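**Q** Handing over protein-v4.cif, mmCIF, C-alpha atoms.
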data_upload
loop_
_atom_site.label_atom_id
_atom_site.label_comp_id
_atom_site.auth_asym_id
_atom_site.auth_seq_id
_atom_site.Cartn_x
_atom_site.Cartn_y
_atom_site.Cartn_z
CA MET A 27 19.09 -15.62 12.73
CA GLY A 28 20.38 -13.66 15.73
CA GLU A 29 19.39 -10.20 16.85
CA MET A 30 18.63 -7.94 13.89
CA PHE A 31 17.33 -4.79 15.56
CA ARG A 32 16.81 -3.11 18.88
CA SER A 33 14.19 -0.68 20.11
CA GLN A 34 15.58 2.53 21.54
CA GLU A 35 14.72 6.17 22.06
CA ILE A 36 15.42 8.37 19.05
CA PRO A 37 15.70 12.14 19.57
CA GLY A 38 12.51 13.86 18.47
CA LYS A 39 10.72 10.58 17.70
CA GLY A 40 10.27 8.73 20.95
CA TYR A 41 11.03 5.06 20.42
CA GLY A 42 12.19 3.58 17.14
CA VAL A 43 13.85 0.46 15.76
CA ILE A 44 17.54 0.44 14.81
CA ALA A 45 19.34 -2.26 12.80
CA VAL A 46 22.18 -3.86 14.81
CA ARG A 47 23.73 -5.52 11.74
CA GLU A 48 23.63 -5.32 7.98
CA ILE A 49 20.23 -6.54 6.74
CA GLN A 50 19.62 -7.84 3.25
CA GLU A 51 16.47 -7.26 1.21
CA GLY A 52 13.77 -9.81 1.98
CA GLU A 53 14.95 -10.83 5.46
CA LEU A 54 12.24 -11.61 7.99
CA LEU A 55 12.59 -9.01 10.73
CA LEU A 56 9.59 -9.78 12.89
CA SER A 57 6.84 -12.37 13.22
CA GLU A 58 4.52 -11.34 16.03
CA PRO A 59 1.07 -12.46 17.18
CA PRO A 60 -1.33 -9.69 18.26
CA LEU A 61 -1.33 -8.71 21.92
CA ILE A 62 -4.96 -7.68 21.55
CA GLN A 63 -7.27 -8.57 18.67
CA VAL A 64 -10.62 -6.89 18.08
CA PRO A 65 -13.01 -8.71 15.72
CA TRP A 66 -14.64 -6.77 12.94
CA TRP A 67 -18.17 -7.12 14.27
CA VAL A 68 -17.36 -4.88 17.25
CA ARG A 69 -17.26 -1.93 14.83
CA HIS A 70 -20.68 -2.88 13.49
CA SER A 71 -22.53 -3.47 16.75
CA MET A 72 -25.49 -1.31 17.76
CA TYR A 73 -23.24 0.87 19.95
CA PRO A 74 -19.74 0.42 18.47
CA GLN A 75 -17.98 3.09 20.53
CA VAL A 76 -19.24 1.66 23.80
CA GLU A 77 -18.72 -1.93 22.66
CA LYS A 78 -15.13 -1.27 21.62
CA LYS A 79 -14.27 0.60 24.82
CA GLU A 80 -15.63 -2.23 26.95
CA PHE A 81 -13.97 -4.89 24.78
CA LEU A 82 -10.56 -3.19 25.02
CA GLY A 83 -10.95 -2.58 28.75
CA ARG A 84 -11.55 -6.29 29.36
CA ALA A 85 -8.64 -7.24 27.08
CA VAL A 86 -6.16 -4.98 28.87
CA LYS A 87 -7.42 -6.12 32.27
CA HIS A 88 -6.69 -9.75 31.39
CA LEU A 89 -3.08 -9.05 30.36
CA ASN A 90 -0.40 -10.04 32.84
CA LYS A 91 1.36 -7.25 34.71
CA LYS A 92 4.36 -7.07 32.36
CA LYS A 93 2.27 -7.02 29.20
CA ARG A 94 -0.10 -4.45 30.72
CA GLU A 95 2.83 -2.17 31.54
CA GLU A 96 4.16 -2.56 28.02
CA PHE A 97 0.74 -1.68 26.64
CA TRP A 98 0.60 1.53 28.66
CA SER A 99 4.12 2.45 27.50
CA LEU A 100 2.89 2.76 23.90
CA HIS A 101 2.26 6.16 22.35
CA ASP A 102 -1.18 7.79 22.43
CA SER A 103 -1.44 10.37 19.66
CA LYS A 104 -5.08 11.10 20.53
CA VAL A 105 -4.50 12.43 24.04
CA PRO A 106 -4.63 16.23 24.50
CA ASP A 107 -1.56 17.94 25.94
CA GLY A 108 -1.39 17.44 29.68
CA ALA A 109 -4.03 14.71 29.75
CA GLU A 110 -3.47 11.06 30.61
CA LYS A 111 -3.34 8.29 28.05
CA THR A 112 -6.44 6.23 27.44
CA ILE A 113 -6.84 2.61 26.40
CA VAL A 114 -8.87 3.64 23.36
CA GLY A 115 -6.31 6.30 22.42
CA ILE A 116 -3.42 3.83 22.55
CA TRP A 117 -5.46 1.36 20.51
CA ARG A 118 -6.37 3.92 17.85
CA THR A 119 -2.75 5.02 17.56
CA ASN A 120 -1.22 1.56 17.30
CA ASN A 121 -3.70 -0.94 15.85
CA PHE A 122 -3.29 -2.47 12.39
CA ALA A 123 -5.75 -4.20 10.13
CA LEU A 124 -5.13 -7.94 9.99
CA GLY A 125 -5.01 -8.40 6.26
CA VAL A 126 -7.03 -6.40 3.77
CA SER A 127 -8.56 -3.25 5.23
CA GLY A 128 -12.32 -3.33 4.92
CA PRO A 129 -15.62 -3.60 6.77
CA LYS A 130 -14.89 -7.18 7.86
CA ALA A 131 -11.22 -6.77 8.72
CA ASN A 132 -10.17 -7.71 12.22
CA ASN A 133 -7.66 -5.46 13.95
CA GLY A 134 -4.72 -6.17 16.18
CA LEU A 135 -2.21 -4.37 18.38
CA PHE A 136 1.42 -5.51 18.44
CA LEU A 137 3.94 -4.47 21.07
CA LYS A 138 7.10 -4.83 19.00
CA MET A 139 5.58 -3.71 15.72
CA SER A 140 4.28 -0.55 17.38
CA ARG A 141 7.90 0.57 17.86
CA PHE A 142 8.50 0.80 14.10
CA ASN A 143 8.23 4.40 12.97
CA HIS A 144 6.77 5.64 9.70
CA SER A 145 8.57 6.71 6.55
CA CYS A 146 7.12 7.74 3.20
CA SER A 147 10.06 5.79 1.70
CA PRO A 148 10.14 2.82 4.09
CA SER A 149 12.84 0.20 4.38
CA ALA A 150 10.46 -2.57 5.51
CA GLU A 151 6.87 -3.69 4.94
CA PHE A 152 4.38 -5.66 6.99
CA HIS A 153 1.74 -8.20 6.04
CA TRP A 154 -0.66 -10.45 7.91
CA ASN A 155 0.23 -14.13 7.71
CA GLN A 156 -3.21 -15.66 8.05
CA ARG A 157 -1.93 -19.23 8.23
CA LYS A 158 0.37 -18.47 11.18
CA GLY A 159 -1.83 -15.82 12.78
CA ARG A 160 1.09 -13.39 12.89
CA GLN A 161 1.98 -9.98 11.54
CA GLU A 162 5.28 -10.25 9.67
CA ILE A 163 7.73 -7.52 8.73
CA ARG A 164 10.39 -8.00 6.05
CA SER A 165 13.03 -5.66 4.73
CA VAL A 166 12.23 -4.36 1.25
CA ARG A 167 15.76 -3.13 0.57
CA ASN A 168 19.22 -3.50 2.06
CA ILE A 169 19.49 -1.78 5.45
CA SER A 170 22.77 -0.58 6.94
CA LYS A 171 23.89 -1.26 10.49
CA GLY A 172 22.77 1.61 12.71
CA GLU A 173 20.02 2.71 10.29
CA GLU A 174 16.48 3.15 11.55
CA ILE A 175 14.09 0.54 10.16
CA THR A 176 10.78 2.07 9.06
CA ILE A 177 7.43 1.00 7.65
CA SER A 178 4.62 2.93 5.96
CA TYR A 179 1.51 3.68 7.96
CA PHE A 180 -0.77 4.49 5.06
CA THR A 181 -2.06 3.23 1.72
CA ASN A 182 -0.95 4.40 -1.69
CA GLN A 183 -3.91 6.77 -1.81
CA VAL A 184 -2.08 8.86 0.75
CA ALA A 185 1.40 7.98 -0.50
CA VAL A 186 0.74 9.74 -3.82
CA LEU A 187 0.03 13.04 -2.08
CA ASN A 188 2.64 15.76 -2.30
CA GLN A 189 4.98 16.46 0.59
CA ARG A 190 2.70 19.05 2.16
CA GLY A 191 -0.31 16.75 1.96
CA ARG A 192 1.48 13.79 3.52
CA LYS A 193 2.84 15.94 6.35
CA GLU A 194 -0.60 17.35 7.09
CA TYR A 195 -2.10 13.87 7.09
CA LEU A 196 0.50 12.45 9.49
CA GLN A 197 0.31 15.46 11.80
CA SER A 198 -3.47 15.21 11.90
CA HIS A 199 -3.73 11.46 12.42
CA TYR A 200 -0.57 10.57 14.33
CA GLY A 201 0.52 13.82 15.90
CA PHE A 202 4.00 14.05 14.40
CA PRO A 203 5.61 16.04 11.59
CA CYS A 204 7.22 13.53 9.22
CA ASP A 205 10.93 14.15 8.64
CA CYS A 206 11.69 11.07 6.51
CA SER A 207 13.97 11.32 3.49
CA ALA A 208 11.05 12.09 1.16
CA CYS A 209 9.58 14.72 3.48
CA SER A 210 12.99 16.37 3.95
CA LEU A 211 13.52 17.04 0.24
CA GLN A 212 13.70 20.69 -0.80
CA GLY A 213 13.71 22.73 -3.97
CA ALA A 214 13.90 20.90 -7.29
CA GLU A 215 14.23 17.49 -5.62
CA ARG A 216 11.00 18.02 -3.70
CA GLU A 217 9.21 19.22 -6.83
CA LYS A 218 10.33 16.17 -8.77
CA ASN A 219 9.28 13.83 -5.96
CA ASP A 220 5.87 15.52 -5.71
CA TRP A 221 5.42 15.33 -9.45
CA GLU A 222 6.35 11.64 -9.65
CA ARG A 223 3.84 10.77 -6.92
CA ALA A 224 1.12 12.69 -8.71
CA GLU A 225 2.06 10.99 -11.98
CA ILE A 226 1.29 7.61 -10.43
CA SER A 227 -2.28 8.77 -9.86
CA ARG A 228 -2.57 10.39 -13.30
CA LEU A 229 -1.34 7.21 -14.97
CA GLU A 230 -3.92 5.31 -12.95
CA ASP A 231 -6.67 7.40 -14.46
CA ARG A 232 -5.36 6.98 -18.01
CA ILE A 233 -5.01 3.23 -17.64
CA GLU A 234 -8.53 2.99 -16.30
CA ARG A 235 -9.91 4.86 -19.30
CA LEU A 236 -7.93 2.72 -21.73
CA PHE A 237 -9.06 -0.55 -20.20
CA TYR A 238 -12.62 0.29 -19.24
CA ASP A 239 -13.59 2.04 -22.45
CA ILE A 240 -13.47 -1.35 -24.19
CA GLU A 241 -15.58 -3.45 -21.85
CA GLU A 242 -18.03 -5.72 -23.62
CA GLU A 243 -21.53 -4.28 -23.69
CA GLU A 244 -23.26 -7.60 -23.09
CA ASP A 245 -21.56 -8.05 -19.70
CA PRO A 246 -21.22 -4.60 -18.14
CA GLU A 247 -21.16 -5.88 -14.58
CA VAL A 248 -17.96 -7.89 -14.99
CA ASP A 249 -14.89 -6.19 -13.60
CA ARG A 250 -11.98 -7.92 -15.31
CA LEU A 251 -9.54 -6.04 -13.14
CA GLN A 252 -10.87 -7.17 -9.79
CA SER A 253 -8.09 -9.19 -8.17
CA ASP A 254 -8.34 -12.49 -6.35
CA ASN A 255 -7.37 -11.39 -2.86
CA SER A 256 -6.50 -14.93 -1.85
CA ASP A 257 -3.50 -14.84 -4.15
CA ASP A 258 -1.61 -11.68 -3.51
CA VAL A 259 -3.10 -9.42 -0.91
CA ASN A 260 -2.05 -9.31 2.72
CA SER A 261 -2.18 -5.61 3.44
CA ASP A 262 -4.19 -2.44 3.38
CA LEU A 263 -5.66 -2.22 -0.10
CA THR A 264 -8.70 -0.25 -1.11
CA ASN A 265 -11.63 -0.86 -3.39
CA SER A 266 -10.29 1.28 -6.22
CA LYS A 267 -10.61 -0.36 -9.64
CA LEU A 268 -6.91 -0.33 -10.36
CA ILE A 269 -5.54 -0.19 -6.80
CA GLY A 270 -4.07 2.95 -5.36
CA GLY A 271 -5.25 5.80 -7.53
CA ASN A 272 -8.99 5.75 -8.19
CA LEU A 273 -10.10 8.06 -5.41
CA ASN A 274 -13.62 7.69 -4.10
CA SER A 275 -15.30 10.53 -2.24
CA CYS A 276 -16.03 10.02 1.42
CA LYS A 277 -19.58 9.86 2.72
CA ASN A 278 -20.66 13.05 4.45
CA ASN A 279 -17.28 14.60 3.65
CA GLN A 280 -15.59 13.01 6.66
CA PRO A 281 -11.83 13.46 7.18
CA ILE A 282 -9.46 11.21 5.31
CA PRO A 283 -9.23 7.86 7.15
CA ASN A 284 -6.31 6.54 9.14
CA CYS A 285 -5.23 3.92 6.63
CA HIS A 286 -2.80 1.72 8.52
CA GLN A 287 -5.72 0.56 10.59
CA SER A 288 -9.46 0.22 10.28
CA ASP A 289 -10.73 1.50 13.57
CA GLU A 290 -14.40 2.31 13.95
CA ASP A 291 -14.01 5.99 13.15
CA ASN A 292 -11.35 5.34 10.54
CA SER A 293 -13.11 2.24 9.56
CA SER A 294 -12.10 0.93 6.20
CA CYS A 295 -9.94 3.19 4.04
CA GLU A 296 -12.43 2.30 1.33
CA ASP A 297 -13.72 5.86 1.11
CA VAL A 298 -11.31 8.76 0.91
CA ASN A 299 -12.03 12.47 0.88
CA HIS A 300 -11.51 13.18 -2.82
CA ASN A 301 -11.05 16.92 -2.41
CA TYR A 302 -8.43 16.52 0.30
CA ILE A 303 -6.38 14.15 -1.83
CA GLN A 304 -6.85 15.92 -5.15
CA ASN A 305 -5.77 19.23 -3.64
CA ASN A 306 -2.53 17.61 -2.55
CA ILE A 307 -1.78 15.55 -5.67
CA ASP A 308 -1.25 18.38 -8.14
CA SER A 309 1.35 20.50 -6.41
CA SER A 310 0.57 24.11 -7.22
CA ASP A 311 4.13 25.26 -6.59
CA SER A 312 5.76 22.57 -8.75
CA ASN A 313 7.59 23.48 -11.93
CA TYR A 314 7.03 19.99 -13.31
CA PRO A 315 4.32 19.76 -15.95
CA VAL A 316 0.99 18.31 -14.89
CA ASP A 317 0.03 17.06 -18.35
CA GLN A 318 -1.16 13.47 -18.09
CA SER A 319 1.04 12.09 -20.84
CA HIS A 320 4.70 12.90 -20.75
CA THR A 321 6.42 10.11 -18.86
CA THR A 322 8.14 7.70 -21.23
CA LEU A 323 10.04 4.49 -20.69
CA GLN A 324 13.40 4.32 -22.43
CA ASP A 325 14.84 1.16 -23.95
CA ASN A 326 17.19 0.78 -20.99
CA GLY A 327 14.26 0.72 -18.57
CA ASN A 328 14.85 4.23 -17.21
CA LEU A 329 12.07 6.78 -17.06
CA ASN A 330 12.39 9.84 -19.22
CA PHE A 331 10.61 12.97 -17.94
CA THR A 332 10.13 15.17 -20.98
CA ASN A 333 7.32 16.97 -22.72
CA GLN A 334 7.07 14.18 -25.27
CA ASN A 335 3.53 12.87 -25.13
CA ILE A 336 2.53 9.24 -25.30
CA LYS A 337 -0.03 9.15 -28.08
CA HIS A 338 -3.49 8.21 -26.92
CA THR A 339 -5.82 6.65 -29.46
CA PRO A 340 -9.47 6.72 -28.34
CA CYS A 341 -10.97 3.23 -28.30
CA GLU A 342 -14.03 4.09 -30.33
CA ASP A 343 -14.18 0.95 -32.45
CA GLU A 344 -13.22 -2.68 -32.08
CA ASP A 345 -10.23 -2.39 -34.41
CA LYS A 346 -8.53 -0.11 -31.90
CA ASP A 347 -9.29 -2.17 -28.79
CA GLU A 348 -6.08 -4.15 -28.98
CA GLN A 349 -4.03 -1.01 -29.50
CA CYS A 350 -5.60 0.60 -26.44
CA VAL A 351 -4.95 -2.47 -24.29
CA LEU A 352 -1.31 -2.53 -25.37
CA GLU A 353 -0.92 1.16 -24.54
CA GLY A 354 -2.53 0.57 -21.16
CA LEU A 355 -0.16 -2.31 -20.41
CA ASN A 356 2.85 -0.16 -21.31
CA LEU A 357 1.59 2.60 -19.03
CA CYS A 358 1.20 0.04 -16.23
CA PHE A 359 4.90 -0.76 -16.48
CA ILE A 360 5.77 2.95 -16.34
CA ARG A 361 3.54 3.31 -13.28
CA LEU A 362 5.20 0.32 -11.65
CA GLU A 363 8.64 1.80 -12.24
CA LEU A 364 7.54 4.98 -10.47
CA MET A 365 6.04 3.00 -7.59
CA LYS A 366 9.30 1.11 -7.18
CA ARG A 367 11.41 4.26 -7.37
CA LEU A 368 9.35 6.02 -4.70
CA GLY A 369 9.18 3.01 -2.40
CA LEU A 370 5.42 2.49 -2.52
CA LYS A 371 4.18 -0.71 -0.97
CA ILE A 372 5.10 -3.98 -2.64
CA VAL A 373 1.64 -5.39 -1.99
CA SER A 374 0.19 -2.63 -4.16
CA GLN A 375 2.79 -3.18 -6.85
CA LEU A 376 1.78 -6.85 -6.90
CA GLN A 377 -1.82 -5.84 -7.49
CA VAL A 378 -0.78 -3.85 -10.56
CA TYR A 379 1.28 -6.80 -11.80
CA LYS A 380 -1.81 -9.00 -11.33
CA LEU A 381 -3.76 -6.56 -13.46
CA VAL A 382 -1.06 -6.61 -16.15
CA TYR A 383 -0.82 -10.40 -16.14
CA ASP A 384 -4.57 -11.03 -16.34
CA THR A 385 -5.13 -8.40 -19.02
CA ALA A 386 -2.12 -9.51 -21.07
CA MET A 387 -3.22 -13.15 -21.06
CA GLU A 388 -6.80 -12.25 -21.92
CA TRP A 389 -5.74 -10.08 -24.88
CA ASP A 390 -3.04 -12.44 -26.14
CA PHE A 391 0.06 -10.52 -25.10
CA PRO A 392 1.81 -13.41 -23.30
CA GLU A 393 5.25 -11.78 -23.45
CA LYS A 394 3.90 -8.93 -21.31
CA ALA A 395 2.44 -11.50 -18.92
CA VAL A 396 5.84 -13.22 -18.62
CA THR A 397 7.53 -9.91 -17.81
CA ALA A 398 4.91 -9.16 -15.15
CA ALA A 399 5.11 -12.62 -13.58
CA GLN A 400 8.92 -12.57 -13.43
CA SER A 401 8.96 -9.22 -11.63
CA ALA A 402 6.08 -10.17 -9.33
CA ALA A 403 7.75 -13.44 -8.34
CA GLY A 404 10.80 -11.47 -7.24
CA LEU A 405 8.70 -9.03 -5.24
CA SER A 406 6.78 -11.90 -3.64
CA THR A 407 10.07 -13.36 -2.46
CA THR A 408 10.93 -10.03 -0.86
CA LEU A 409 7.60 -9.53 0.90
CA TYR A 410 6.48 -13.09 1.67
CA GLY A 411 9.64 -15.18 1.44
CA SER A 412 10.89 -17.76 -1.01
CA GLY A 413 8.62 -20.80 -1.06
CA SER A 414 5.60 -18.85 0.21
CA MET A 415 2.15 -19.47 -1.27
CA GLU A 416 2.26 -16.04 -2.90
CA TRP A 417 5.63 -16.79 -4.50
CA SER A 418 4.40 -20.19 -5.69
CA SER A 419 1.31 -18.57 -7.19
CA TRP A 420 3.41 -16.21 -9.29
CA LYS A 421 5.78 -18.97 -10.37
CA SER A 422 2.76 -20.94 -11.58
CA ARG A 423 1.53 -17.94 -13.54
CA LEU A 424 4.96 -17.52 -15.08
CA GLN A 425 5.10 -21.15 -16.14
CA HIS A 426 1.59 -20.93 -17.60
CA ALA A 427 2.47 -17.89 -19.72
CA GLN A 428 5.74 -19.43 -20.91
CA LYS A 429 3.94 -22.65 -21.81
CA TYR A 430 1.36 -20.65 -23.76
CA ILE A 431 4.13 -18.96 -25.76
CA ASN A 432 5.82 -22.29 -26.50
CA ILE A 433 2.57 -23.88 -27.69
CA ASN A 434 1.90 -20.97 -30.04
CA GLN A 435 5.44 -21.06 -31.41
CA ASN A 436 5.19 -24.80 -32.14
CA SER A 437 1.74 -24.67 -33.67
#
What would the structure in this file look like if it were written as structure tokens?
**A**
Amino acid sequence: MGEMFRSQEIPGKGYGVIAVREIQEGELLLSEPPLIQVPWWVRHSMYPQVEKKEFLGRAVKHLNKKKREEFWSLHDSKVPDGAEKTIVGIWRTNNFALGVSGPKANNGLFLKMSRFNHSCSPSAEFHWNQRKGRQEIRSVRNISKGEEITISYFTNQVAVLNQRGRKEYLQSHYGFPCDCSACSLQGAEREKNDWERAEISRLEDRIERLFYDIEEEEDPEVDRLQSDNSDDVNSDLTNSKLIGGNLNSCKNNQPIPNCHQSDEDNSSCEDVNHNYIQNNIDSSDSNYPVDQSHTTLQDNGNLNFTNQNIKHTPCEDEDKDEQCVLEGLNLCFIRLELMKRLGLKIVSQLQVYKLVYDTAMEWDFPEKAVTAAQSAAGLSTTLYGSGSMEWSSWKSRLQHAQKYININQNS
């Protein structure tokens, strides 16, 4: 494979990762075991702060001299100006959840991965390979020689904030003002970008209403949209019903969590300060309309941003259920196109495709399921690699939907 990147100092950013050759979408950039791994139960012990500090102290002490020096060379965004770095501060700045963020997620620190800087429109994405016990990073688009390779530090709940909100979040939690391509936009381009991010969340709410208004009364506890995490999830997802937009208020109004990790005081990303996010979703200085229903998908697949509303038919009787489901599926595809355009995480896009596939098959729209499975299989190749279990899972879904169509056509 040869050398693909090098770590070097970047003016104004500290260290970063630069591509040393042309990199194609889907290439494996890094496969790294954790230098230090903290099990989930440390966060839930009787004295978690003390337990974690002692656990990390022992872990660093047992590193060899070279690894210990490399650990101390990492950034500490929690240290006050003029003060010395701390083990806990370095950990909090650089640790990542190993798999799905949540109460029982283990966390790990990675020397090489810690050198990848953040972008709100990243060129690479990470996921935890449970079978290999390694964090993997793959390119999610073509990367030019000499270009900085970036990842996203947060979940889609933060990614849908406007530029001001994202900058405030990153300054507060990581100590740097983001200057990525999305955060450098000005004028009409910034307004459009802010509006598109907010539209992802607004579409989320509409889809939820369309799908959940028609749940069967005799089984109210069943959540049809809950995904099987063993199939498609290897990253920092939340417990929102439709992944990435259903914002749950935080207990005791605590600050918005640091969502690329699940440290004890940023523990799960499952609860997010609703007011903080909502205030930064609907950009008050944007000229783009904030009506929930004016993004349309043209026949050529391009999004059309006009004042033309997508008609919403309330699902008040069973005769309209199918119509509401079909509208919801179409809105899912519009939402996915926006997520792709803005560079939101592939793992979250796959969750929406899982929702589309399951709903389409349940409501007898197999053509929609085929479209979802085809796109998801391609994304799985990019994020997990061709031949991966995730890719195989989507290929199986695709074959199942195609077989269903063939049986119906021949019957």
**Q** May I have the residues within 9 Å of segment 54-69 of chain A as JSON, numbers by chain, using only C-alpha atoms and disregarding those fewer than 6 positions away in the same chain?
**A** {"A": [30, 31, 75, 77, 78, 81, 82, 85, 86, 89, 93, 97, 121, 124, 129, 130, 131, 132, 133, 134, 135, 136, 137, 138, 139, 150, 152, 155, 158, 159, 160, 161, 162, 163, 164, 165, 289, 290, 291, 293, 409, 410, 411]}
**Q** Using all atoms listed in the file, find each residue of segment 340-416 of chain A with at least one atom at most 8 Å away from an atom of segment 222-229 of chain A; report its shortest atom-to-atom pair and that distance in Å (one decimal), sort the rows by chain and rising residue number, and return the result as a Markdown table.
**A**
| residue | atom | partner | partner_atom | distance |
| --- | --- | --- | --- | --- |
| A:Leu357 | CA | A:Leu229 | CA | 6.8 |
| A:Cys358 | CA | A:Leu229 | CA | 7.7 |
| A:Arg361 | CA | A:Ile226 | CA | 5.6 |
| A:Leu364 | CA | A:Ile226 | CA | 6.8 |
| A:Met365 | CA | A:Ile226 | CA | 7.2 |
| A:Leu368 | CA | A:Arg223 | CA | 7.6 |
**Q** Please, what distance in Å, to one decimal, runs between atom CA of Arg157 of chain A and atom CA of Ser406 of chain A?
**A**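 Straight-line distance from atom CA of Arg157 of chain A to atom CA of Ser406 of chain A works out to 16.4 Å.
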**Q** How far is it from atom CA of Trp154 of chain A to atom CA of Ser33 of chain A, in Å with one decimal?
**A**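 A separation of 21.6 Å between them.
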**Q** Nearest to Gln197 of chain A: which of A:Ser103, A:Thr176, A:Asn120, A:Thr397 is it, counting all atoms listed in the file?
**A**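 Using all atoms listed in the file, the shortest distance to Gln197 of chain A belongs to A:Ser103.
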**Q** Would you kindly return, as a list in words, each protein, DNA or RNA residue with an atom no farther than 8 Å from any atom of segment 416-419 of chain A, considering all atoms listed in the file and excluding same-chain residues fewer than 3 positions away?
**A**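 Near segment 416-419 of chain A, the qualifying residues are Asp257, Asp258, Ala403, Gly404, Ser406, Thr407, Tyr410, Gly411, Ser412, Gly413, Ser422 and Arg423 of chain A.
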